[in-house]
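Participant: Below you will find the structure I want to go over with you.
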4 protein chains.
Amino acid sequence: MTTHRPLTATLLVSCSDQKGLVAAVSGFLAQHDANILDFSQHTDVTEKAFFARVVFEIEGLAIARDEVAPAFTPLARRYGMTWKLVFSDQVPRMGILVSKYDHCLYDLLIRHKSGELAVEVPLVISNHPDTKPVADFFCVPYHHLPITPETKAEQEAAIIKLLDDAKVDFVVMARYMQILSPEFLSHYHHRVINIHHSFLPAFIGGRPYHQAYERGVKLIGATSHYATEDLDEGPIIDQSVVRVDHRDTVEDLVRKGRDIERLVLAKGVRLHVDHRVIVHGRRTIVFD
Amino acid sequence: MTTHRPLTATLLVSCSDQKGLVAAVSGFLAQHDANILDFSQHTDVTEKAFFARVVFEIEGLAIARDEVAPAFTPLARRYGMTWKLVFSDQVPRMGILVSKYDHCLYDLLIRHKSGELAVEVPLVISNHPDTKPVADFFCVPYHHLPITPETKAEQEAAIIKLLDDAKVDFVVMARYMQILSPEFLSHYHHRVINIHHSFLPAFIGGRPYHQAYERGVKLIGATSHYATEDLDEGPIIDQSVVRVDHRDTVEDLVRKGRDIERLVLAKGVRLHVDHRVIVHGRRTIVFD
Amino acid sequence: MTTHRPLTATLLVSCSDQKGLVAAVSGFLAQHDANILDFSQHTDVTEKAFFARVVFEIEGLAIARDEVAPAFTPLARRYGMTWKLVFSDQVPRMGILVSKYDHCLYDLLIRHKSGELAVEVPLVISNHPDTKPVADFFCVPYHHLPITPETKAEQEAAIIKLLDDAKVDFVVMARYMQILSPEFLSHYHHRVINIHHSFLPAFIGGRPYHQAYERGVKLIGATSHYATEDLDEGPIIDQSVVRVDHRDTVEDLVRKGRDIERLVLAKGVRLHVDHRVIVHGRRTIVFD
Amino acid sequence: MTTHRPLTATLLVSCSDQKGLVAAVSGFLAQHDANILDFSQHTDVTEKAFFARVVFEIEGLAIARDEVAPAFTPLARRYGMTWKLVFSDQVPRMGILVSKYDHCLYDLLIRHKSGELAVEVPLVISNHPDTKPVADFFCVPYHHLPITPETKAEQEAAIIKLLDDAKVDFVVMARYMQILSPEFLSHYHHRVINIHHSFLPAFIGGRPYHQAYERGVKLIGATSHYATEDLDEGPIIDQSVVRVDHRDTVEDLVRKGRDIERLVLAKGVRLHVDHRVIVHGRRTIVFD
């Protein structure tokens, strides 16, 4: 399914809106003979903010790839840009946290194996042993760190050490049923992707399918978002819904929900991995 | 677009679940030579409750149409049924309340005129004069009752009188921006249909599109529901969503929202008019 | 995820429309003290045809379960019914045919393992060896029968023998890239479910994603249907679509398509397994 | 609902892909002190083609607005660009063709009146008198030109004259049931938008809802596209679908279809009016 793709760089830029930003960025690249493959830009007129994502080829560049960032720095400084430059051969390393439900774990590992998800998966960490055979089948190291209220802090420290040792770039909570500490989340700021099994901000907190059943909604949803200290309040990356009706029991909602959880989490991860998401306050700019 | 349809009766039944309910109801109808066109039934196993909707032809009945209800009463009593019998030539009379936004009003009146919505529309009532030309064009009497905090109670009484005099069967709040009193709502218990411009229970209350923008959701929704004393808490009839993204301003959300408001309100009204909705606590059984 | 469910029987009935059908069927069941859990009925007024699906509990029946069918036969004969009676402890046996693409195979086996799909899976048959590790992981016997133009007839006979020996009730073509012979299809009449990777009848035949790309459609689809002699003309069980745009290459369509193929095939299989589908000519009645 | 918007220009560009295109275009604008509000670009790597849409403010430009095109011409020539420059105060003039069905006509005129659709509507032309009251209500001149096989050519010439005299920029077939001649379509090349009441390329030709019913599909669709000589083969702008099932008669499909016809046509018109569509062969690039 995968085809040969040229080596590329992706430049993500945010700053306050000013005249000449598109020309400045594209002019910089033209000056160094870059072939731009994709230029996406968004100006938030309400907040007077500018966001851009540029993909360009490395081959044919007039300067070495590691000279691009230093060369861009003065320009970025002049405009007060927040920016990031990544290369397509820097494959992001994804750590997975999971509890007992295995549908999101399967989904991510199948997509990874098929070549659809361009990441390395150095490890899966769980507070339960149940999903170990799944990780084994896909040849991903599995770490079982059981958690009790007493051991929670210490085990979380162990998880951070495992993730850091594995040089993980971002973390996916694939239906991980533990709340991460503010320390954890600031350590991986905007690099922890969670799947919440409701259409946020409806049904915040626990047992959203039960809440949805009680309320008698006609659609249920799922939300992938960056995890932040404020539970279920993090910037939303993607959402989807599925129709339900009076015949659906809570168990049916759980079953139907699994399908959209898989899709919405996979899409959130894909967008993050492709460097298509910029967080701006509580909102995201998604260049899809 | 309309075709000749036979005269039919619709029987709606709710009761606690018991053996033989389907046979009792259909047996009663068979005994009187009724031709059943549609038999829909739902058993809520969690709540041990039974709901049914039966449509049968009047022609060929062994008893007169006004003898059906008396004949059914003993059986209904035996099983403790809550029930309703309506005939297809009893065209429901729909009162419309509207403020300044006219998109839902247009939509309902166009559907009515095309024959799609089998109702009479004896009147439109508004606290603003703006939509009078629309009602005029569709030849529906228009009543302008301006409302101030001081006149609210008195004007609402006037509205109830207008609706009662017009022998209205149910009321549609087609983006009516006034809160109805508990008295009004109990007077028209489960017969007031509102359109809320969000995917309830997300963004309860005012300015839901602004709330949605602030929260950065990726879908916005609309909800048609029976209005109850608890604002935005009434039983939901239908919901739908539309995709939005970071490029959408609040004004874009309002524009995109109008389209689903129209569809979701029209569907809610249609289901109500066809006697397809049974309210059970905070939830609805919708036989669609 | 699975809960205890009572032993039930499901009765599927088709016949020409006549008065008293609902009463006759439900009366029969009431006479034998059956507790009806679900009664779904459809009258096709255009074709004057009647279809029903009734689920009732075995416990409490006044007759033995194997006496139900004989007792029902005279009534069925009187009304000229085509009918089927199945019990919930007769778990259907599903044979899977697959080629190289593994996404539908994974999906079905994961749903089976999770208890979501109430079937036995006695075997997977493939014309390629690639997916054997998947079947092995889920502990399902795998048969590799390579096919060349010369061996096609003989290998298909071998497949039928394998399926028959395994007492398979129905067959799923989980992206099986071989055309089945009329003999095969009549042997398993309306018991072979295929997933076609387009929104039928658009893009019949091979390479539908390439066709969709060339045509510039804005949605792509997937269709689960009963396989019949007329390729891609079989009765449709379920369909779904996903939005695409000018940025999507053929490879992107293939990737996005995989997700709806999985969902649409799984839903088709689920509906078949729950005895919710009645085929009527080129159309299906789906009691979902 | 409308807010003050600054005067802007929109530049649409197509050419074969070459290095430095983004920089050339944005550099040209920067050189003249243009403030870019929106820069959208697409490179079709398969066809090695480049497409861009740039919106910039007129206020603050270092040259007069009517000097922009002459100044851009040499650059456009150098790169072999096909291009178009339009200003936001050049409100497009939309002619509407309609037959008897009025739902799309209502929809367009309501959107126009609400300020949602930034066009002038100088006339509605119909081969039937039925929709005249609708045009009257919205104060749009209505021309009734009945068509028989004998008068078809002559009446079409009269229609073209009416449209030309009204200085129409583009034409919308709002369920216009006449086939336009190749002469008409070449006169308004890629400026005639049609709504086809099926999910093209499924159910090409007449009576698509009847075809859909016969085939037993589970979704029906609508397609807005540029009309071309090859009927129903024109470049697609937008498509949508709605779920149907075995209970839906042809009349139900027609009713459900009306809702998506309205939405899909309105979206197609909106995208065209905002200069967001570039036709490339049989496909469209839609910068939405």
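Chain labels run A, B, ... following the order of the structure tokens; each chain numbers its residues from 1, and ligands are numbered from 1 in the order shown.
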Between chain A and chain D, at 9 Å or less, what are the per-residue closest atom pairs and their distances in Å? Count only C-alpha atoms, order by chain and rising residue number, and return it as a Markdown table.

Facilitator:
| residue | atom | partner | partner_atom | distance |
| --- | --- | --- | --- | --- |
| A:Gln18 | CA | D:Asn35 | CA | 7.9 |
| A:Lys19 | CA | D:Asn35 | CA | 5.1 |
| A:Gly20 | CA | D:Ala30 | CA | 5.5 |
| A:Leu21 | CA | D:Ile36 | CA | 8.1 |
| A:Val22 | CA | D:Ser26 | CA | 6.3 |
| A:Ala23 | CA | D:Ser26 | CA | 4.7 |
| A:Ala24 | CA | D:Gly27 | CA | 8.0 |
| A:Val25 | CA | D:Ala23 | CA | 8.3 |
| A:Ser26 | CA | D:Ala23 | CA | 4.7 |
| A:Gly27 | CA | D:Ala23 | CA | 5.1 |
| A:Phe28 | CA | D:Ala23 | CA | 8.4 |
| A:Leu29 | CA | D:Ala23 | CA | 7.8 |
| A:Ala30 | CA | D:Gly20 | CA | 5.5 |
| A:Gln31 | CA | D:Gly20 | CA | 8.9 |
| A:Asp33 | CA | D:Gly20 | CA | 7.5 |
| A:Ala34 | CA | D:Lys19 | CA | 7.3 |
| A:Asn35 | CA | D:Lys19 | CA | 5.1 |
| A:Ile36 | CA | D:Lys19 | CA | 7.1 |
| A:Leu37 | CA | D:Thr43 | CA | 6.3 |
| A:Asp38 | CA | D:His42 | CA | 6.5 |
| A:Phe39 | CA | D:Gln41 | CA | 6.0 |
| A:Ser40 | CA | D:Ser40 | CA | 5.9 |
| A:Gln41 | CA | D:Phe39 | CA | 6.0 |
| A:His42 | CA | D:Asp38 | CA | 6.5 |
| A:Thr43 | CA | D:Leu37 | CA | 6.3 |
| A:Val45 | CA | D:Leu37 | CA | 8.4 |

Participant: Pull the helix (DSSP H, G or I) assignments for segment 45-252 of chain C out of DSSP run on the backbone, and list those residues as a PyMOL selection string.

Facilitator: chain C and resi 65-79+103-113+132-137+152-165+182-187+208-215+250-252

Participant: State, in Å with one decimal place, the distance from atom CA of Tyr213 of chain C to atom CA of Val250 of chain C.

Facilitator: 6.1 Å

Participant: Using only C-alpha atoms, determine which residues lie at most 10 Å from Asp232 of chain B, disregarding the query and same-chain residues fewer than 6 positions distant; provide the list as a PyMOL selection string.

Facilitator: chain B and resi 194-196+198+200-205+223-226

Participant: Could you tell me how far atom CA of Tyr79 of chain C sits from atom CA of Glu57 of chain C, in Å to one decimal place?

Facilitator: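 Between these atoms lies a distance of 24.0 Å.
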
Participant: Go through C:Leu145, C:Val217, C:Ala174, C:Ala158 and flag the residue nearest Glu233 of chain D, using only C-alpha atoms for the distances.

Facilitator: C:Val217
